[in-house]
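> You'll find structure-v2.txt just under this line, and it carries compact mmCIF, C-alpha atoms and all ligand atoms.
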# COMPACT_ATOMS: atom_id res chain seq x y z
CA MET A 22 29.45 8.29 0.24
CA ASN A 23 27.16 11.04 1.51
CA ASP A 24 27.08 12.81 4.86
CA VAL A 25 25.16 11.30 7.75
CA ARG A 26 21.58 12.54 7.60
CA ASN A 27 19.12 12.90 10.43
CA VAL A 28 16.52 10.81 8.69
CA ILE A 29 16.09 8.84 5.51
CA VAL A 30 12.56 7.98 4.43
CA ILE A 31 12.32 4.93 2.20
CA GLY A 32 9.19 5.04 0.04
CA GLY A 33 7.26 7.68 -1.88
CA GLY A 34 3.59 7.17 -1.10
CA PRO A 35 1.23 8.95 1.29
CA ALA A 36 3.10 7.63 4.36
CA GLY A 37 6.58 8.47 3.08
CA TYR A 38 5.77 11.99 1.86
CA THR A 39 3.84 12.83 5.02
CA ALA A 40 6.73 11.59 7.16
CA ALA A 41 9.04 13.78 5.06
CA LEU A 42 6.77 16.81 5.39
CA TYR A 43 6.74 16.57 9.19
CA ALA A 44 10.46 15.80 9.40
CA ALA A 45 11.27 18.71 7.09
CA ARG A 46 9.16 21.11 9.15
CA ALA A 47 11.08 19.91 12.23
CA ASN A 48 14.31 21.00 10.46
CA LEU A 49 15.51 17.42 10.07
CA GLU A 50 16.25 17.93 6.35
CA PRO A 51 14.99 14.48 5.33
CA LEU A 52 16.06 12.56 2.29
CA VAL A 53 13.29 10.53 0.65
CA ILE A 54 14.40 7.62 -1.48
CA GLU A 55 11.07 7.47 -3.19
CA GLY A 56 11.44 4.61 -5.62
CA PHE A 57 11.73 4.72 -9.39
CA ASN A 58 7.94 4.50 -9.69
CA TRP A 59 7.16 6.96 -6.91
CA GLY A 60 3.63 7.68 -5.74
CA GLY A 61 2.57 4.20 -4.64
CA GLN A 62 -0.79 2.59 -5.16
CA LEU A 63 -2.56 5.89 -5.84
CA MET A 64 -0.76 6.09 -9.17
CA ILE A 65 -3.06 3.34 -10.46
CA THR A 66 -6.22 4.92 -9.04
CA SER A 67 -8.32 7.42 -10.94
CA ASP A 68 -10.50 9.74 -8.85
CA VAL A 69 -9.93 9.92 -5.11
CA GLU A 70 -13.06 11.19 -3.41
CA ASN A 71 -12.42 10.14 0.18
CA TYR A 72 -9.28 12.09 1.05
CA PRO A 73 -10.35 14.86 3.43
CA GLY A 74 -9.68 18.32 2.07
CA TYR A 75 -10.25 17.48 -1.59
CA ALA A 76 -13.97 18.29 -1.55
CA ASP A 77 -14.31 17.94 -5.33
CA GLY A 78 -12.17 14.82 -5.55
CA VAL A 79 -8.73 14.57 -7.09
CA LEU A 80 -6.89 12.24 -9.45
CA GLY A 81 -4.62 9.82 -7.55
CA PRO A 82 -1.42 10.84 -9.40
CA ALA A 83 -2.23 14.56 -8.99
CA MET A 84 -2.72 14.06 -5.27
CA MET A 85 0.64 12.34 -4.95
CA GLN A 86 2.28 15.22 -6.80
CA ASP A 87 0.70 17.58 -4.26
CA PHE A 88 2.01 15.44 -1.38
CA ARG A 89 5.50 15.43 -2.89
CA ARG A 90 5.50 19.16 -3.62
CA GLN A 91 4.42 19.94 -0.07
CA ALA A 92 7.28 17.87 1.37
CA GLU A 93 9.72 19.56 -1.06
CA ARG A 94 8.55 23.03 -0.07
CA PHE A 95 10.02 22.57 3.41
CA GLY A 96 13.39 21.27 2.26
CA THR A 97 12.94 17.55 1.59
CA THR A 98 15.34 16.18 -1.00
CA PHE A 99 14.60 13.16 -3.16
CA VAL A 100 16.33 10.26 -4.82
CA THR A 101 14.03 8.89 -7.51
CA ASP A 102 15.29 5.35 -7.50
CA ASP A 103 14.83 2.05 -5.71
CA VAL A 104 16.69 1.09 -2.54
CA THR A 105 18.62 -2.09 -3.23
CA ARG A 106 20.08 -2.92 0.20
CA VAL A 107 19.98 -1.75 3.82
CA ASP A 108 22.14 -2.36 6.88
CA PHE A 109 20.42 -1.55 10.17
CA SER A 110 22.90 -3.55 12.28
CA GLN A 111 24.77 -0.44 13.46
CA ARG A 112 24.43 3.34 13.53
CA PRO A 113 24.53 5.32 11.42
CA PHE A 114 22.19 3.13 9.42
CA ARG A 115 23.21 2.46 5.84
CA VAL A 116 20.99 2.44 2.78
CA TRP A 117 22.14 1.70 -0.75
CA VAL A 118 20.78 2.58 -4.15
CA GLY A 119 22.97 0.42 -6.37
CA ASP A 120 26.54 1.52 -5.57
CA ASP A 121 25.49 4.79 -3.92
CA GLU A 122 25.48 4.61 -0.14
CA TYR A 123 23.42 6.90 2.10
CA ARG A 124 23.75 7.04 5.88
CA ALA A 125 21.37 8.31 8.53
CA GLU A 126 20.80 8.39 12.28
CA SER A 127 17.20 7.25 11.76
CA VAL A 128 15.20 5.59 9.02
CA ILE A 129 11.48 5.55 8.30
CA VAL A 130 10.39 2.57 6.21
CA ALA A 131 7.29 3.44 4.16
CA THR A 132 7.55 1.15 1.17
CA GLY A 133 3.84 0.27 1.17
CA ALA A 134 2.14 -2.78 -0.17
CA THR A 135 1.23 -3.91 -3.63
CA ALA A 136 -2.18 -5.22 -4.58
CA ARG A 137 -1.78 -8.61 -6.18
CA GLN A 138 -2.65 -8.50 -9.84
CA LEU A 139 -4.04 -11.20 -12.08
CA GLY A 140 -1.03 -10.62 -14.28
CA ILE A 141 -2.80 -10.43 -17.62
CA GLU A 142 -2.10 -7.70 -20.18
CA SER A 143 -5.73 -6.57 -20.54
CA GLU A 144 -5.92 -5.98 -16.78
CA ARG A 145 -2.92 -3.65 -16.94
CA LEU A 146 -4.29 -1.74 -19.93
CA LEU A 147 -7.65 -1.11 -18.25
CA GLN A 148 -6.36 -0.06 -14.82
CA GLY A 149 -8.24 3.08 -13.79
CA ARG A 150 -10.68 2.47 -16.68
CA GLY A 151 -12.88 0.01 -14.86
CA VAL A 152 -10.23 -2.24 -13.33
CA SER A 153 -9.78 -1.38 -9.66
CA TYR A 154 -8.08 -2.80 -6.58
CA CYS A 155 -9.95 -0.83 -3.92
CA ALA A 156 -13.71 -0.87 -3.38
CA THR A 157 -13.56 1.80 -0.68
CA CYS A 158 -11.96 4.08 -3.27
CA ASP A 159 -13.88 3.28 -6.41
CA ALA A 160 -17.19 1.49 -5.68
CA ALA A 161 -19.22 4.71 -5.83
CA PHE A 162 -18.31 5.08 -9.52
CA PHE A 163 -20.34 1.94 -10.25
CA ARG A 164 -23.78 3.04 -9.14
CA ASP A 165 -26.44 0.90 -10.88
CA LYS A 166 -23.72 -0.93 -12.84
CA VAL A 167 -22.66 -4.56 -13.04
CA VAL A 168 -19.35 -5.36 -11.34
CA VAL A 169 -17.16 -8.46 -11.24
CA VAL A 170 -15.14 -9.11 -8.07
CA VAL A 171 -12.27 -11.60 -8.41
CA GLY A 172 -11.19 -13.60 -5.36
CA GLY A 173 -12.42 -15.92 -2.64
CA GLY A 174 -10.91 -14.43 0.51
CA ASP A 175 -12.26 -12.04 3.12
CA SER A 176 -11.24 -9.06 0.99
CA ALA A 177 -13.30 -10.30 -1.95
CA MET A 178 -16.36 -10.84 0.27
CA GLU A 179 -15.92 -7.46 1.93
CA GLU A 180 -15.45 -5.70 -1.41
CA ALA A 181 -18.47 -7.46 -2.90
CA LEU A 182 -20.64 -6.42 0.06
CA PHE A 183 -19.42 -2.84 -0.11
CA ILE A 184 -19.89 -2.59 -3.88
CA SER A 185 -23.42 -4.03 -3.57
CA ARG A 186 -24.43 -0.76 -1.90
CA PHE A 187 -23.91 0.95 -5.24
CA ALA A 188 -23.94 -1.59 -8.07
CA SER A 189 -27.08 -3.25 -9.40
CA ARG A 190 -25.34 -6.64 -9.57
CA VAL A 191 -22.06 -8.04 -8.25
CA VAL A 192 -20.58 -11.25 -9.65
CA VAL A 193 -17.89 -12.86 -7.49
CA VAL A 194 -15.58 -14.96 -9.66
CA HIS A 195 -13.49 -17.46 -7.70
CA ARG A 196 -11.12 -20.11 -8.96
CA ARG A 197 -12.23 -22.87 -6.57
CA GLU A 198 -15.42 -24.14 -4.97
CA GLU A 199 -14.23 -23.63 -1.40
CA PHE A 200 -13.54 -20.19 0.00
CA ARG A 201 -10.54 -18.91 1.87
CA ALA A 202 -12.84 -16.32 3.41
CA SER A 203 -14.34 -16.90 6.85
CA PRO A 204 -17.74 -18.65 6.77
CA ILE A 205 -19.48 -15.63 8.28
CA MET A 206 -18.28 -13.38 5.45
CA VAL A 207 -19.32 -15.93 2.82
CA ASP A 208 -22.74 -16.26 4.45
CA ARG A 209 -23.18 -12.51 4.47
CA ALA A 210 -22.32 -12.29 0.79
CA ARG A 211 -24.52 -15.27 -0.07
CA SER A 212 -27.52 -13.74 1.65
CA ASN A 213 -27.15 -10.48 -0.28
CA GLU A 214 -29.54 -10.63 -3.21
CA LYS A 215 -27.36 -8.46 -5.46
CA ILE A 216 -24.36 -10.80 -5.13
CA GLU A 217 -23.97 -13.98 -7.14
CA PHE A 218 -21.10 -16.46 -7.35
CA VAL A 219 -19.37 -17.92 -10.36
CA LEU A 220 -17.09 -20.67 -9.05
CA ASN A 221 -14.28 -22.73 -10.53
CA LYS A 222 -13.52 -19.95 -12.98
CA VAL A 223 -10.40 -17.92 -13.69
CA VAL A 224 -10.36 -14.62 -15.53
CA GLU A 225 -8.50 -15.07 -18.79
CA GLU A 226 -9.08 -11.58 -20.17
CA VAL A 227 -10.62 -8.28 -19.17
CA LEU A 228 -12.71 -7.16 -22.13
CA GLY A 229 -12.99 -3.60 -23.42
CA ASP A 230 -11.01 -1.09 -25.47
CA ASP A 231 -10.92 2.13 -23.46
CA LYS A 232 -13.20 0.94 -20.67
CA VAL A 233 -14.22 -2.39 -19.20
CA THR A 234 -17.12 -4.20 -20.89
CA GLY A 235 -16.74 -7.59 -19.23
CA VAL A 236 -14.47 -10.54 -18.61
CA ARG A 237 -13.72 -13.78 -20.39
CA VAL A 238 -13.49 -16.64 -17.92
CA LYS A 239 -12.33 -20.23 -18.17
CA ASP A 240 -13.79 -23.10 -16.17
CA THR A 241 -11.01 -24.73 -14.13
CA VAL A 242 -12.75 -28.13 -14.32
CA THR A 243 -14.05 -28.35 -17.89
CA GLY A 244 -11.77 -25.81 -19.59
CA GLU A 245 -14.85 -24.22 -21.16
CA GLU A 246 -14.70 -20.48 -21.82
CA SER A 247 -17.50 -17.95 -21.42
CA GLU A 248 -18.02 -14.21 -21.03
CA ILE A 249 -19.59 -12.11 -18.28
CA ASP A 250 -20.75 -8.59 -19.21
CA ALA A 251 -19.66 -6.03 -16.62
CA ASP A 252 -18.80 -2.34 -16.25
CA GLY A 253 -16.09 -2.86 -13.68
CA VAL A 254 -13.66 -5.48 -12.37
CA PHE A 255 -12.41 -5.36 -8.79
CA VAL A 256 -9.39 -7.57 -8.27
CA ALA A 257 -9.39 -8.63 -4.59
CA ILE A 258 -6.83 -11.42 -4.46
CA GLY A 259 -4.73 -9.99 -1.62
CA HIS A 260 -1.86 -7.56 -1.05
CA ASP A 261 1.83 -8.13 -0.49
CA PRO A 262 3.85 -5.74 1.67
CA ASN A 263 7.01 -4.45 0.00
CA THR A 264 9.29 -5.78 2.71
CA ALA A 265 11.72 -8.13 0.93
CA LEU A 266 14.64 -5.76 1.69
CA PHE A 267 13.98 -5.78 5.42
CA LEU A 268 12.93 -9.33 6.31
CA ASP A 269 16.36 -10.36 7.62
CA GLN A 270 16.60 -7.29 9.88
CA LEU A 271 13.15 -6.16 10.99
CA ASP A 272 10.57 -8.18 12.91
CA HIS A 273 7.60 -9.07 10.75
CA GLU A 274 4.56 -11.31 10.65
CA PRO A 275 5.93 -14.69 9.64
CA ASP A 276 3.13 -15.58 7.22
CA THR A 277 2.56 -12.27 5.50
CA GLY A 278 5.79 -10.28 5.82
CA TYR A 279 4.06 -7.16 7.22
CA LEU A 280 6.45 -5.28 9.53
CA LEU A 281 5.68 -5.31 13.24
CA THR A 282 5.56 -2.07 15.20
CA ARG A 283 5.35 -1.63 18.96
CA GLY A 284 2.00 -0.73 20.49
CA LYS A 285 0.62 2.47 19.12
CA SER A 286 4.02 3.70 17.99
CA THR A 287 5.80 3.25 14.65
CA GLU A 288 8.91 1.77 16.35
CA THR A 289 10.32 -1.42 14.91
CA ASN A 290 12.53 -3.84 16.82
CA ILE A 291 15.56 -1.67 15.94
CA PRO A 292 15.69 1.62 17.88
CA GLY A 293 15.85 4.46 15.36
CA VAL A 294 14.11 2.52 12.58
CA PHE A 295 10.42 3.25 12.19
CA ALA A 296 7.74 1.82 9.90
CA ALA A 297 4.70 3.67 8.58
CA GLY A 298 1.79 3.08 6.26
CA ASP A 299 0.69 -0.06 4.48
CA VAL A 300 4.05 -1.78 5.02
CA GLN A 301 2.88 -2.36 8.62
CA ASP A 302 -0.91 -2.16 8.22
CA HIS A 303 -3.03 -4.69 6.41
CA VAL A 304 -6.22 -3.62 8.12
CA TYR A 305 -7.03 -0.05 7.08
CA ARG A 306 -4.88 0.48 3.96
CA GLN A 307 -6.21 3.94 3.14
CA ALA A 308 -4.23 6.95 1.92
CA VAL A 309 -5.44 8.94 4.90
CA THR A 310 -4.47 6.30 7.47
CA ALA A 311 -1.09 5.85 5.76
CA ALA A 312 -0.53 9.62 5.86
CA GLY A 313 -1.46 9.67 9.57
CA SER A 314 0.98 6.88 10.23
CA GLY A 315 3.72 8.74 8.29
CA CYS A 316 3.12 11.75 10.52
CA ALA A 317 3.42 9.54 13.61
CA ALA A 318 6.69 8.06 12.32
CA ALA A 319 8.21 11.51 11.81
CA LEU A 320 7.19 12.55 15.32
CA ASP A 321 8.59 9.30 16.73
CA ALA A 322 11.85 9.79 14.81
CA GLU A 323 12.16 13.41 15.91
CA ARG A 324 11.62 12.47 19.56
CA TRP A 325 14.06 9.59 19.31
CA LEU A 326 16.78 11.74 17.70
CA SER A 327 16.36 14.38 20.35
CA GLU A 328 16.63 11.77 23.13
CA GLN A 329 19.83 10.47 21.54
CA ARG A 330 21.31 14.00 21.46
CA HIS A 331 20.40 14.64 25.07
CA ALA A 332 21.91 11.31 26.08
CA ALA A 333 25.12 12.16 24.18
CA LEU A 334 25.33 15.54 25.96
CA ARG A 335 24.83 13.92 29.38
CA THR A 336 27.55 11.28 28.90
CA PRO A 337 30.71 13.44 29.49
CA VAL A 338 29.19 15.03 32.63
CA ALA A 339 28.52 11.58 34.09
CA ALA A 340 32.10 10.51 33.23
CA SER A 341 33.73 13.47 35.01
CA SER A 342 31.69 13.25 38.23
P1 LIG A 401 -6.31 -13.94 0.95
O1 LIG A 401 -6.93 -14.40 2.20
O2 LIG A 401 -4.91 -14.34 0.61
O3 LIG A 401 -7.27 -14.43 -0.24
C1 LIG A 401 -6.91 -14.23 -1.58
C2 LIG A 401 -7.98 -14.90 -2.45
O4 LIG A 401 -7.67 -14.58 -3.81
C3 LIG A 401 -8.01 -16.42 -2.32
O5 LIG A 401 -9.34 -16.86 -2.38
C4 LIG A 401 -7.20 -16.87 -3.53
O6 LIG A 401 -7.68 -18.09 -4.07
C5 LIG A 401 -7.51 -15.81 -4.54
N1 LIG A 401 -6.42 -15.64 -5.48
C6 LIG A 401 -5.11 -15.43 -5.20
N2 LIG A 401 -4.41 -15.29 -6.34
C7 LIG A 401 -5.29 -15.44 -7.35
C8 LIG A 401 -5.18 -15.38 -8.77
N3 LIG A 401 -4.01 -15.15 -9.37
N4 LIG A 401 -6.29 -15.56 -9.51
C9 LIG A 401 -7.49 -15.78 -8.91
N5 LIG A 401 -7.67 -15.84 -7.58
C10 LIG A 401 -6.57 -15.66 -6.81
O7 LIG A 401 -6.30 -12.33 0.82
P2 LIG A 401 -7.38 -11.29 1.39
O8 LIG A 401 -8.75 -11.73 1.08
O9 LIG A 401 -6.93 -9.95 0.88
O10 LIG A 401 -7.16 -11.33 2.95
C11 LIG A 401 -5.87 -11.06 3.52
C12 LIG A 401 -5.97 -11.12 5.04
O11 LIG A 401 -6.74 -10.02 5.52
C13 LIG A 401 -6.66 -12.38 5.53
O12 LIG A 401 -6.05 -12.77 6.73
C14 LIG A 401 -8.07 -11.93 5.80
O13 LIG A 401 -8.74 -12.70 6.78
C15 LIG A 401 -7.85 -10.49 6.27
N6 LIG A 401 -9.05 -9.67 5.98
C16 LIG A 401 -10.04 -9.64 6.93
C17 LIG A 401 -11.18 -8.90 6.69
C18 LIG A 401 -12.24 -8.86 7.72
O14 LIG A 401 -12.18 -9.64 8.65
N7 LIG A 401 -13.22 -8.01 7.62
C19 LIG A 401 -11.35 -8.23 5.49
C20 LIG A 401 -10.35 -8.29 4.54
C21 LIG A 401 -9.19 -9.03 4.80
P3 LIG A 401 -7.38 -19.48 -3.31
O15 LIG A 401 -8.30 -19.50 -2.14
O16 LIG A 401 -7.71 -20.51 -4.34
O17 LIG A 401 -5.93 -19.46 -2.94
Write the structure described by the file as structure tokens, please.
Ligand code: NAP


Amino acid sequence: MNDVRNVIVIGGGPAGYTAALYAARANLEPLVIEGFNWGGQLMITSDVENYPGYADGVLGPAMMQDFRRQAERFGTTFVTDDVTRVDFSQRPFRVWVGDDEYRAESVIVATGATARQLGIESERLLQGRGVSYCATCDAAFFRDKVVVVVGGGDSAMEEALFISRFASRVVVVHRREEFRASPIMVDRARSNEKIEFVLNKVVEEVLGDDKVTGVRVKDTVTGEESEIDADGVFVAIGHDPNTALFLDQLDHEPDTGYLLTRGKSTETNIPGVFAAGDVQDHVYRQAVTAAGSGCAAALDAERWLSEQRHAALRTPVAASS
């Protein structure tokens, strides 16, 4: 068992590393349990052109290395493995990686969210080579190109509309005839002349060797297969927050599992446990908003720890008077 730390950050993405950077600079000597596959969603992104400060753009994995290095520079230590269990029922809080137990006075949960994938091999092979999960990040790379958007929810409509500002043609492929998206979003997409709909179709394969050339789709009614030529495929079938470890201890949205935080703060229902980044935000989901939220969590944790220490100092005085 290790000593009791001031703060453990769970998660190695923009929120987690930024929380660690701020905590480290406040002399809290944070430990980041960053996950075996650290770096988060940016590790499957190619160029990032919308993170302020990188005027010439940066590769997602390179940016995450920069984030990590900056946190390390001020004394953050790392465990490059996955948390397997937590106990927030008493302080110090306990966090396990397999049989190794770590304890801390405060915890920042920054485990992020995962874009749902179609789950086909060709999709995995072409990630960052035309297969994307984020229009805000990657749409500008498809100027005057043909793009397929997969999904029938609000995200798919929003992505299709955003991509239509750049692409010459956007084909929304959805597996049913009815949409999960709100009627207003569907209407907006339908009235956009660059957007067309291919319904009752599932993507069986993303075509292309080293970059996307199209998709092979199968009709869910007739079983007939056909191909759509395209330069890019945006998969917009939803995100899942990485909250399975916390659902029995932290308040969350019942339907989606996103963690709930209080007001504008990063406080969860357990004092001393904070949540930052995509794990508690399904609205903005950007690296820069996640980083901002990580900063807020570190400031919240620092303030909370200092209040606890002041309260502990006051207690004996009160007892003797
Ligand atoms: P969502 O509402 O869960 O929709 C996911 C869509 O992807 C559904 O149409 C679903 O099809 C389809 N899908 C799921 N798995 C699939 C698979 N394996 N293959 C093919 N299609 C698949 O997710 P979302 O669109 O990301 O929205 C999430 C939440 O954020 C919603 O509450 C939404 O309203 C909100 N949101 C709001 C806005 C906005 O208001 N501007 C924008 C984005 C998101 P089925 O319909 O057949 O299940």

> Is it possible to get the axis-aligned box enclosing ligand LIG 401 (chain A) (all listed atoms, 6 Å extra per side) as JSON, with centre and edge lengths in Å rounded to one decimal?


{"center_x": -8.6, "center_y": -14.3, "center_z": -0.4, "size_x": 21.2, "size_y": 24.5, "size_z": 30.2}

> Go through the chains and note each residue within 8 Å of ligand LIG 401 (chain A), using all atoms listed in the file, then give the set as a VMD selection string.

chain A and resid 137 to 140 171 to 179 195 to 197 199 to 203 206 223 to 224 257 to 260 303 to 304

> Considering only C-alpha atoms, can you say which of A:Ala297, A:Leu63, A:Leu182, A:Val242 comes closest to Ala83 (chain A)?

A:Leu63

> Closest to Asp250 (chain A) among A:Val167, A:Ala311, A:Leu271, A:Val130, using all atoms listed in the file?

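The closest residue to Asp250 (chain A) is A:Val167.
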
> So how far away is CA of Val219 (chain A) from CA of Val192 (chain A), in Å?

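A separation of 6.8 Å between them.
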
> With only C-alpha atoms as the basis for distance, which of A:Ala47, A:Val233, A:Ile141, A:Ala181 is at the shortest distance from Cys155 (chain A)?

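Using only C-alpha atoms, Cys155 (chain A) sits closest to A:Ala181.
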
> State, in Å with one decimal place, the distance from CA of Asp299 (chain A) to CA of Gly133 (chain A).

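Calculated distance between CA of Asp299 (chain A) and CA of Gly133 (chain A) is 4.6 Å.
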
> Counting all atoms listed in the file, what is within 12 Å of Arg145 (chain A), bar same-chain residues fewer than 3 positions away, as a VMD selection string?

chain A and resid 65 137 to 142 148 to 154 226 to 229 231 to 233 254 256

> Generate a file of the selected residues that holds C-alpha atoms, formatted as a compact mmCIF listing (two decimals), in the frame of the given file.


# COMPACT_ATOMS: atom_id res chain seq x y z
CA ILE A 65 -3.06 3.34 -10.46
CA ARG A 137 -1.78 -8.61 -6.18
CA GLN A 138 -2.65 -8.50 -9.84
CA LEU A 139 -4.04 -11.20 -12.08
CA GLY A 140 -1.03 -10.62 -14.28
CA ILE A 141 -2.80 -10.43 -17.62
CA GLU A 142 -2.10 -7.70 -20.18
CA GLN A 148 -6.36 -0.06 -14.82
CA GLY A 149 -8.24 3.08 -13.79
CA ARG A 150 -10.68 2.47 -16.68
CA GLY A 151 -12.88 0.01 -14.86
CA VAL A 152 -10.23 -2.24 -13.33
CA SER A 153 -9.78 -1.38 -9.66
CA TYR A 154 -8.08 -2.80 -6.58
CA GLU A 226 -9.08 -11.58 -20.17
CA VAL A 227 -10.62 -8.28 -19.17
CA LEU A 228 -12.71 -7.16 -22.13
CA GLY A 229 -12.99 -3.60 -23.42
CA ASP A 231 -10.92 2.13 -23.46
CA LYS A 232 -13.20 0.94 -20.67
CA VAL A 233 -14.22 -2.39 -19.20
CA VAL A 254 -13.66 -5.48 -12.37
CA VAL A 256 -9.39 -7.57 -8.27

> For CA of Gly253 (chain A) and CA of Thr157 (chain A), quote the distance in Å rounded to one decimal.

14.0 Å

> Name all residues at most 7 Å from Tyr38 (chain A) (count all atoms listed in the file; drop same-chain ones fewer than 4 positions away) and give them as a PDB file with C-alpha atoms, in the coordinates of the input.


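Result written to result.pdb:
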ATOM      1  CA  GLY A  33       7.260   7.680  -1.880  1.00  0.00           C
ATOM      2  CA  GLY A  34       3.590   7.170  -1.100  1.00  0.00           C
ATOM      3  CA  LEU A  42       6.770  16.810   5.390  1.00  0.00           C
ATOM      4  CA  PHE A  88       2.010  15.440  -1.380  1.00  0.00           C
ATOM      5  CA  ARG A  89       5.500  15.430  -2.890  1.00  0.00           C
ATOM      6  CA  ALA A  92       7.280  17.870   1.370  1.00  0.00           C
TER       7      ALA A  92
END

> Which residue gives the smallest distance to Ala312 (chain A) among A:Ala76, A:Ala131, A:Val191, A:Leu326, with only C-alpha atoms counted?

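Using only C-alpha atoms, the shortest distance to Ala312 (chain A) belongs to A:Ala131.
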
> Of the candidates A:Val116, A:Val238, A:Val300, A:Ala160, which one gets nearest to Glu274 (chain A) if we count all atoms listed in the file?

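That would be A:Val300, the residue with the smallest distance to Glu274 (chain A).
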